[in-house]
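Engineer: Got a structure for you, coords_30.tsv, holding TSV, C-alpha atoms.
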chain	number	residue	atom	x	y	z
A	655	MET	CA	17.80	-3.08	35.00
A	656	ASP	CA	15.69	-6.16	35.82
A	657	THR	CA	12.60	-3.94	35.89
A	658	PHE	CA	13.53	-2.41	32.53
A	659	PHE	CA	13.88	-5.78	30.77
A	660	LEU	CA	10.71	-7.14	32.38
A	661	PHE	CA	8.71	-4.23	31.03
A	662	LEU	CA	10.51	-4.41	27.69
A	663	LEU	CA	9.06	-7.92	27.31
A	664	VAL	CA	5.66	-6.69	28.50
A	665	GLY	CA	5.85	-3.84	25.97
A	666	VAL	CA	6.72	-6.19	23.06
A	667	LEU	CA	3.88	-8.59	23.91
A	668	ALA	CA	1.31	-5.88	24.60
A	669	GLN	CA	2.12	-3.88	21.45
A	670	ALA	CA	2.16	-6.98	19.23
A	671	VAL	CA	-1.38	-7.82	20.38
A	672	ASP	CA	-2.52	-4.18	20.26
A	673	GLY	CA	-1.12	-3.53	16.80
A	674	ALA	CA	-2.68	-6.68	15.36
A	675	LEU	CA	-6.10	-6.53	17.08
A	676	GLY	CA	-6.47	-2.84	17.95
A	677	MET	CA	-6.53	-3.30	21.73
A	678	ALA	CA	-4.72	-4.52	24.85
A	679	TYR	CA	-1.51	-2.46	25.13
A	680	GLY	CA	-2.94	-0.23	27.84
A	681	VAL	CA	-4.87	-3.01	29.56
A	682	ILE	CA	-1.91	-5.41	29.70
A	683	SER	CA	0.64	-2.78	30.73
A	684	SER	CA	-1.65	-1.19	33.33
A	685	SER	CA	-2.57	-4.58	34.78
A	686	VAL	CA	1.10	-5.47	35.31
A	687	LEU	CA	1.80	-2.10	36.96
A	688	LEU	CA	-1.27	-2.33	39.20
A	689	ALA	CA	-0.31	-5.90	40.17
A	690	LEU	CA	3.04	-4.50	41.35
A	691	GLY	CA	1.27	-2.01	43.61
A	692	VAL	CA	1.49	1.11	41.44
A	693	PRO	CA	-1.40	3.58	42.16
A	694	PRO	CA	-4.06	3.77	39.37
A	695	ALA	CA	-3.31	7.37	38.33
A	696	THR	CA	0.44	6.70	38.25
A	697	ALA	CA	-0.09	3.51	36.23
A	698	SER	CA	-2.29	5.33	33.71
A	699	ALA	CA	0.17	8.22	33.39
A	700	SER	CA	3.09	5.79	32.90
A	701	VAL	CA	1.27	3.79	30.22
A	702	HIS	CA	0.15	6.91	28.33
A	703	ALA	CA	3.67	8.32	28.42
A	704	ALA	CA	4.93	5.12	26.78
A	705	GLU	CA	2.04	5.10	24.30
A	706	VAL	CA	3.00	8.51	22.92
A	707	PHE	CA	5.95	6.77	21.26
A	708	THR	CA	4.39	3.38	20.47
A	709	THR	CA	1.17	4.78	18.99
A	710	ALA	CA	3.18	7.09	16.73
A	711	ALA	CA	5.06	4.09	15.32
A	712	SER	CA	1.90	2.00	15.06
A	713	ALA	CA	-0.04	4.80	13.35
A	714	GLY	CA	2.73	5.21	10.78
A	715	SER	CA	2.66	1.49	10.06
A	716	HIS	CA	-1.12	1.42	9.57
A	717	ALA	CA	-1.05	4.52	7.36
A	718	TRP	CA	1.74	3.02	5.23
A	719	HIS	CA	-0.25	-0.20	4.70
A	720	ARG	CA	-3.49	1.73	3.96
A	721	ASN	CA	-5.45	0.43	6.93
A	722	VAL	CA	-6.86	3.86	7.88
A	723	GLU	CA	-10.40	5.04	7.04
A	724	TRP	CA	-9.52	8.73	6.81
A	725	ARG	CA	-13.13	10.05	6.80
A	726	LEU	CA	-13.62	8.49	10.28
A	727	LEU	CA	-10.29	9.56	11.73
A	728	LEU	CA	-10.91	13.27	12.44
A	729	PRO	CA	-14.19	12.99	14.41
A	730	LEU	CA	-12.85	9.95	16.26
A	731	ALA	CA	-9.57	11.64	17.21
A	732	VAL	CA	-11.15	14.97	18.27
A	733	ALA	CA	-13.82	13.29	20.41
A	734	GLY	CA	-11.24	10.91	21.85
A	735	VAL	CA	-9.02	13.80	22.92
A	736	ILE	CA	-11.94	15.53	24.68
A	737	GLY	CA	-12.95	12.34	26.49
A	738	GLY	CA	-9.35	11.51	27.38
A	739	VAL	CA	-8.62	14.94	28.87
A	740	LEU	CA	-11.79	14.76	30.95
A	741	GLY	CA	-10.98	11.22	32.12
A	742	ALA	CA	-7.41	12.11	33.08
A	743	TYR	CA	-8.63	15.08	35.13
A	744	VAL	CA	-11.20	12.91	36.91
A	745	LEU	CA	-8.69	10.13	37.64
A	746	THR	CA	-6.17	12.47	39.25
A	747	GLY	CA	-8.84	13.85	41.61
A	748	VAL	CA	-11.18	10.97	42.50
A	749	ASP	CA	-11.40	7.18	42.72
A	750	ALA	CA	-12.98	5.98	39.47
A	751	ALA	CA	-13.09	2.27	40.36
A	752	ALA	CA	-16.91	2.28	40.36
A	753	ILE	CA	-16.93	2.55	36.57
A	754	LYS	CA	-15.00	-0.66	35.97
A	755	PRO	CA	-17.82	-3.25	36.44
A	756	PHE	CA	-19.87	-1.56	33.73
A	757	VAL	CA	-16.89	-1.55	31.34
A	758	VAL	CA	-16.21	-5.25	31.96
A	759	GLY	CA	-19.85	-6.13	31.30
A	760	TYR	CA	-19.86	-4.06	28.11
A	761	LEU	CA	-16.70	-5.72	26.80
A	762	ALA	CA	-18.11	-9.19	27.43
A	763	LEU	CA	-21.37	-8.41	25.60
A	764	VAL	CA	-19.59	-6.89	22.61
A	765	GLY	CA	-17.19	-9.86	22.50
A	766	VAL	CA	-20.11	-12.30	22.27
A	767	TRP	CA	-21.76	-10.14	19.60
A	768	ILE	CA	-18.58	-10.02	17.49
A	769	LEU	CA	-18.15	-13.81	17.71
A	770	TRP	CA	-21.79	-14.21	16.60
A	771	ARG	CA	-21.15	-11.95	13.61
A	772	ALA	CA	-18.02	-13.88	12.69
A	773	GLY	CA	-19.84	-17.23	12.98
A	774	HIS	CA	-22.65	-16.03	10.72
A	775	ASP	CA	-20.18	-14.36	8.34
A	776	VAL	CA	-22.00	-11.01	8.40
A	777	ARG	CA	-20.43	-8.78	5.76
A	778	PRO	CA	-18.81	-5.44	6.73
A	779	ARG	CA	-20.74	-2.24	6.09
A	780	ARG	CA	-19.86	1.43	5.72
A	781	LEU	CA	-20.24	3.29	9.02
A	782	PRO	CA	-21.39	6.95	8.95
A	783	ALA	CA	-18.71	9.34	10.21
A	784	TRP	CA	-20.95	10.85	12.92
A	785	VAL	CA	-21.03	7.53	14.80
A	786	THR	CA	-17.35	7.80	15.71
A	787	ALA	CA	-17.70	11.05	17.69
A	788	PRO	CA	-19.74	9.77	20.67
A	789	LEU	CA	-17.79	6.52	20.51
A	790	GLY	CA	-14.49	8.40	20.71
A	791	LEU	CA	-15.73	10.52	23.61
A	792	VAL	CA	-16.62	7.47	25.72
A	793	GLY	CA	-13.54	5.51	24.64
A	794	GLY	CA	-11.17	8.38	25.46
A	795	PHE	CA	-12.70	8.86	28.90
A	796	LEU	CA	-12.52	5.16	29.77
A	797	ASP	CA	-8.98	4.92	28.43
A	798	ALA	CA	-7.71	7.70	30.70
A	799	VAL	CA	-9.64	6.44	33.72
A	800	GLY	CA	-8.63	2.80	33.30
A	801	GLY	CA	-5.11	3.23	31.89
A	802	GLY	CA	-6.28	1.30	28.84
A	803	GLY	CA	-9.70	1.03	27.29
A	804	TRP	CA	-9.57	2.94	24.01
A	805	GLY	CA	-8.98	-0.13	21.85
A	806	PRO	CA	-11.32	-2.55	23.66
A	807	THR	CA	-14.12	0.04	23.63
A	808	VAL	CA	-13.70	1.70	20.24
A	809	SER	CA	-12.20	-1.03	18.02
A	810	SER	CA	-14.64	-3.63	19.30
A	811	THR	CA	-17.69	-1.39	18.86
A	812	MET	CA	-16.69	-0.45	15.32
A	813	VAL	CA	-16.12	-4.09	14.39
A	814	GLY	CA	-19.38	-5.06	16.12
A	815	ALA	CA	-21.22	-2.34	14.18
A	816	GLY	CA	-20.01	-3.81	10.90
A	817	GLN	CA	-16.83	-1.87	10.03
A	818	GLU	CA	-14.22	-3.96	8.21
A	819	PRO	CA	-11.83	-5.17	10.99
A	820	ARG	CA	-8.69	-4.08	9.15
A	821	LYS	CA	-9.96	-0.50	8.71
A	822	ALA	CA	-11.41	-0.33	12.22
A	823	ILE	CA	-8.14	-1.40	13.84
A	824	GLY	CA	-5.98	0.85	11.66
A	825	THR	CA	-8.19	3.92	12.17
A	826	VAL	CA	-8.53	3.43	15.93
A	827	ASN	CA	-4.79	2.85	16.41
A	828	THR	CA	-3.98	5.99	14.41
A	829	ALA	CA	-6.47	8.14	16.36
A	830	GLU	CA	-4.99	6.77	19.59
A	831	PHE	CA	-1.78	8.74	19.02
A	832	PHE	CA	-3.63	12.05	19.40
A	833	LEU	CA	-5.46	10.71	22.44
A	834	THR	CA	-2.29	9.63	24.24
A	835	VAL	CA	-0.60	12.98	23.61
A	836	ALA	CA	-3.62	14.82	25.06
A	837	VAL	CA	-3.94	12.52	28.09
A	838	SER	CA	-0.21	12.73	28.84
A	839	ALA	CA	-0.37	16.52	28.60
A	840	THR	CA	-3.31	16.54	31.04
A	841	PHE	CA	-1.36	14.45	33.55
A	842	VAL	CA	1.54	16.90	33.24
A	843	TRP	CA	-0.83	19.84	33.79
A	844	ALA	CA	-2.35	18.09	36.85
A	845	LEU	CA	1.17	17.54	38.19
A	846	VAL	CA	2.28	21.15	37.66
A	847	SER	CA	-0.95	22.70	38.98
A	848	GLY	CA	-0.97	20.59	42.15
A	849	HIS	CA	-4.30	18.92	41.28
A	850	TRP	CA	-2.54	15.52	41.32
A	851	LYS	CA	-1.40	15.05	44.90
A	852	GLU	CA	0.14	11.57	44.50
A	853	ALA	CA	2.24	12.36	41.43
A	854	GLY	CA	5.53	12.00	43.29
A	855	ALA	CA	5.42	8.25	42.72
A	856	LEU	CA	6.04	8.76	38.99
A	857	GLN	CA	9.80	9.13	39.37
A	858	ASN	CA	9.98	5.66	40.93
A	859	HIS	CA	8.75	4.00	37.74
A	860	ALA	CA	11.09	5.45	35.10
A	861	ALA	CA	12.63	2.04	34.33
A	862	ALA	CA	9.18	0.50	33.78
A	863	VAL	CA	8.12	3.30	31.44
A	864	GLY	CA	11.41	3.03	29.54
A	865	GLY	CA	10.93	-0.70	29.09
A	866	LEU	CA	7.37	-0.22	27.84
A	867	VAL	CA	8.56	2.38	25.32
A	868	VAL	CA	11.42	0.28	23.92
A	869	GLY	CA	9.38	-2.92	23.83
A	870	GLY	CA	6.47	-1.19	22.16
A	871	LEU	CA	8.70	0.43	19.54
A	872	ILE	CA	10.16	-2.97	18.65
A	873	ALA	CA	6.73	-4.45	17.89
A	874	ALA	CA	4.80	-1.40	16.59
A	875	PRO	CA	6.22	-1.22	13.02
A	876	PHE	CA	4.77	-4.68	12.25
A	877	ALA	CA	1.22	-3.70	13.21
A	878	GLY	CA	0.04	-2.52	9.80
A	879	LEU	CA	1.48	-5.52	7.97
A	880	ILE	CA	-0.15	-8.04	10.33
A	881	VAL	CA	-3.59	-6.46	10.01
A	882	LYS	CA	-3.22	-6.20	6.23
A	883	LYS	CA	-2.36	-9.89	5.78
A	884	VAL	CA	-4.69	-11.64	8.25
A	885	PRO	CA	-8.05	-12.69	6.68
A	886	ARG	CA	-11.12	-10.66	7.71
A	887	LYS	CA	-13.02	-13.53	9.35
A	888	ALA	CA	-9.99	-14.68	11.35
A	889	LEU	CA	-9.38	-11.11	12.50
A	890	THR	CA	-13.03	-10.77	13.59
A	891	TYR	CA	-12.84	-14.01	15.60
A	892	ALA	CA	-9.57	-12.90	17.19
A	893	VAL	CA	-11.06	-9.54	18.28
A	894	GLY	CA	-14.07	-11.26	19.84
A	895	VAL	CA	-12.01	-13.86	21.71
A	896	LEU	CA	-9.55	-11.25	23.01
A	897	LEU	CA	-12.42	-9.11	24.29
A	898	LEU	CA	-13.82	-12.03	26.29
A	899	ILE	CA	-10.36	-12.80	27.71
A	900	LEU	CA	-9.86	-9.16	28.73
A	901	ALA	CA	-13.33	-9.01	30.31
A	902	ALA	CA	-12.71	-12.24	32.24
A	903	PHE	CA	-9.28	-11.05	33.39
A	904	GLN	CA	-10.53	-7.68	34.59
A	905	GLY	CA	-13.54	-9.30	36.22
A	906	ALA	CA	-11.26	-11.66	38.14
A	907	GLN	CA	-9.15	-8.68	39.30
A	908	MET	CA	-12.25	-6.96	40.70
A	909	LEU	CA	-13.18	-10.04	42.74
A	910	ARG	CA	-9.84	-10.15	44.58
Kindly return the structure encoded in the file as structure tokens.
Structural biologist:
Amino acid sequence: MDTFFLFLLVGVLAQAVDGALGMAYGVISSSVLLALGVPPATASASVHAAEVFTTAASAGSHAWHRNVEWRLLLPLAVAGVIGGVLGAYVLTGVDAAAIKPFVVGYLALVGVWILWRAGHDVRPRRLPAWVTAPLGLVGGFLDAVGGGGWGPTVSSTMVGAGQEPRKAIGTVNTAEFFLTVAVSATFVWALVSGHWKEAGALQNHAAAVGGLVVGGLIAAPFAGLIVKKVPRKALTYAVGVLLLILAAFQGAQMLR
């Protein structure tokens, strides 16, 4: 039960940040699991299983508060699913740690760029729908491989490209539901087909997954309201600062 309540707190914190800023649930949850010695594929599968429930609640909240740019949702979700399925298959068969330094560097650069935009008060602009497809493909792949990366990659890039932060966060969080369902299904397929040889460790982490689900469900319904109420410039600054924190944290983990 101690494990359950620990991850319940982790789930509340991670989902509160993710729902408000469009990133960090997967990164925070995966980092805690990896710090406890959970294998990368098992950590990613556990987090995505929890996210099936939390992203559904978060997506409903953003849709209710009209934070979703519907014309961008379909290409983003479809491409994200393709990238996520591919990433989950790769992760269950090979060591994908070599990708991480490039992701950390990218997050840091985008974080600096977003802070520059916020400091110069650059106004949001309308993004063309086609932009979200390649972005979703890369974001879905990195999310499955890293156990969290959809929000930091996709939300940050959309905000950096000029999309209104509220709409970027709401759209990305809503598309994430379809991604997590697809990634979780791929992990199940890899387990059933025998492609995933270390899957037996999953049953040892049921309490952690349960805590992440319950904690995430507690915080998720407030996501849409927070994003709707926070001023655009403050939200842009917050996204940029969080990206730099995540990049620094992941960079420090790689140096251990």
Engineer: For Thr834 of chain A, work out the shell of residues within 8 Å, counting all atoms listed in the file and skipping chain neighbours fewer than 3 positions away, then give it as a PyMOL selection string.
Structural biologist: chain A and resi 702-703+705-706+709+738+830-831+837-838
Engineer: Rounded to one decimal place, report the atom CA of His716 of chain A-atom CA of Pro819 of chain A distance in Å.
Structural biologist: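 Computed distance, atom CA of His716 of chain A to atom CA of Pro819 of chain A, equals 12.7 Å.
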Engineer: Using 9 Å as the limit and counting only C-alpha atoms, can you tabulate each residue of segment 789-828 of chain A that touches segment 655-677 of chain A, with its shortest atom-to-atom distance in Å and the two atoms involved, as a tab-separated table?
Structural biologist:
residue	atom	partner	partner_atom	distance
A:Gly802	CA	A:Met677	CA	8.5
A:Gly803	CA	A:Met677	CA	7.7
A:Trp804	CA	A:Met677	CA	7.3
A:Gly805	CA	A:Met677	CA	4.0
A:Pro806	CA	A:Met677	CA	5.2
A:Thr807	CA	A:Met677	CA	8.5
A:Val808	CA	A:Gly676	CA	8.8
A:Ser809	CA	A:Gly676	CA	6.0
A:Ser810	CA	A:Gly676	CA	8.3
A:Pro819	CA	A:Leu675	CA	8.5
A:Arg820	CA	A:Leu675	CA	8.7
A:Ala822	CA	A:Gly676	CA	8.0
A:Ile823	CA	A:Gly676	CA	4.7
A:Gly824	CA	A:Gly676	CA	7.3
A:Val826	CA	A:Gly676	CA	6.9
A:Asn827	CA	A:Gly676	CA	6.1
Engineer: May I ask for the distance between atom CA of Ala874 of chain A and atom CA of Tyr679 of chain A, given in Å to one decimal place?
Structural biologist: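 Taking atom CA of Ala874 of chain A as the start and atom CA of Tyr679 of chain A as the end point, the length is 10.7 Å.
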Engineer: Would you mind telling me which residue in A:Gln817, A:Thr696, A:Gln907, A:Ser715 lies nearest to Ala783 of chain A when using all atoms listed in the file?
Structural biologist: A:Gln817
Engineer: Report the distance between atom CA of Pro885 of chain A and atom CA of Ile899 of chain A in Å, rounded to one decimal place.
Structural biologist: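 Taking atom CA of Pro885 of chain A and atom CA of Ile899 of chain A, their separation equals 21.2 Å.
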Engineer: Measuring atom to atom with all atoms listed in the file, identify which of A:Val744, A:Gln904, A:Phe841, A:Ile880 is nearest to Leu796 of chain A.
Structural biologist: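 For Leu796 of chain A, the nearest of the given residues is A:Val744.
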Engineer: Write out as a VMD selection string which residues come within 9 Å of Ala836 of chain A when counting all atoms listed in the file, dropping same-chain ones fewer than 6 positions away.
Structural biologist: chain A and resid 735 to 736 738 to 739
Engineer: For Thr811 of chain A, which of A:Val764, A:Leu730, A:Ala862, A:Val692 is the closest residue, counting all atoms listed in the file?
Structural biologist: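 Going through A:Val764, A:Leu730, A:Ala862, A:Val692 one by one, the smallest distance to Thr811 of chain A is for A:Val764.
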Engineer: Here is a test: counting all atoms listed in the file, which residue of A:Ala733, A:Ile682, A:Ala689, A:Leu763 is nearest to Leu898 of chain A?
Structural biologist: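 Of A:Ala733, A:Ile682, A:Ala689, A:Leu763, the one nearest Leu898 of chain A, counting all atoms listed in the file, is A:Leu763.
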Engineer: For each of A:Glu723, A:Ala742, A:Lys887, A:Gly773, take the minimum atom-to-atom distance to Met812 of chain A, counting only C-alpha atoms, then give the residue where this is smallest.
Structural biologist: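 Of A:Glu723, A:Ala742, A:Lys887, A:Gly773, the one nearest Met812 of chain A is A:Glu723, counting only C-alpha atoms.
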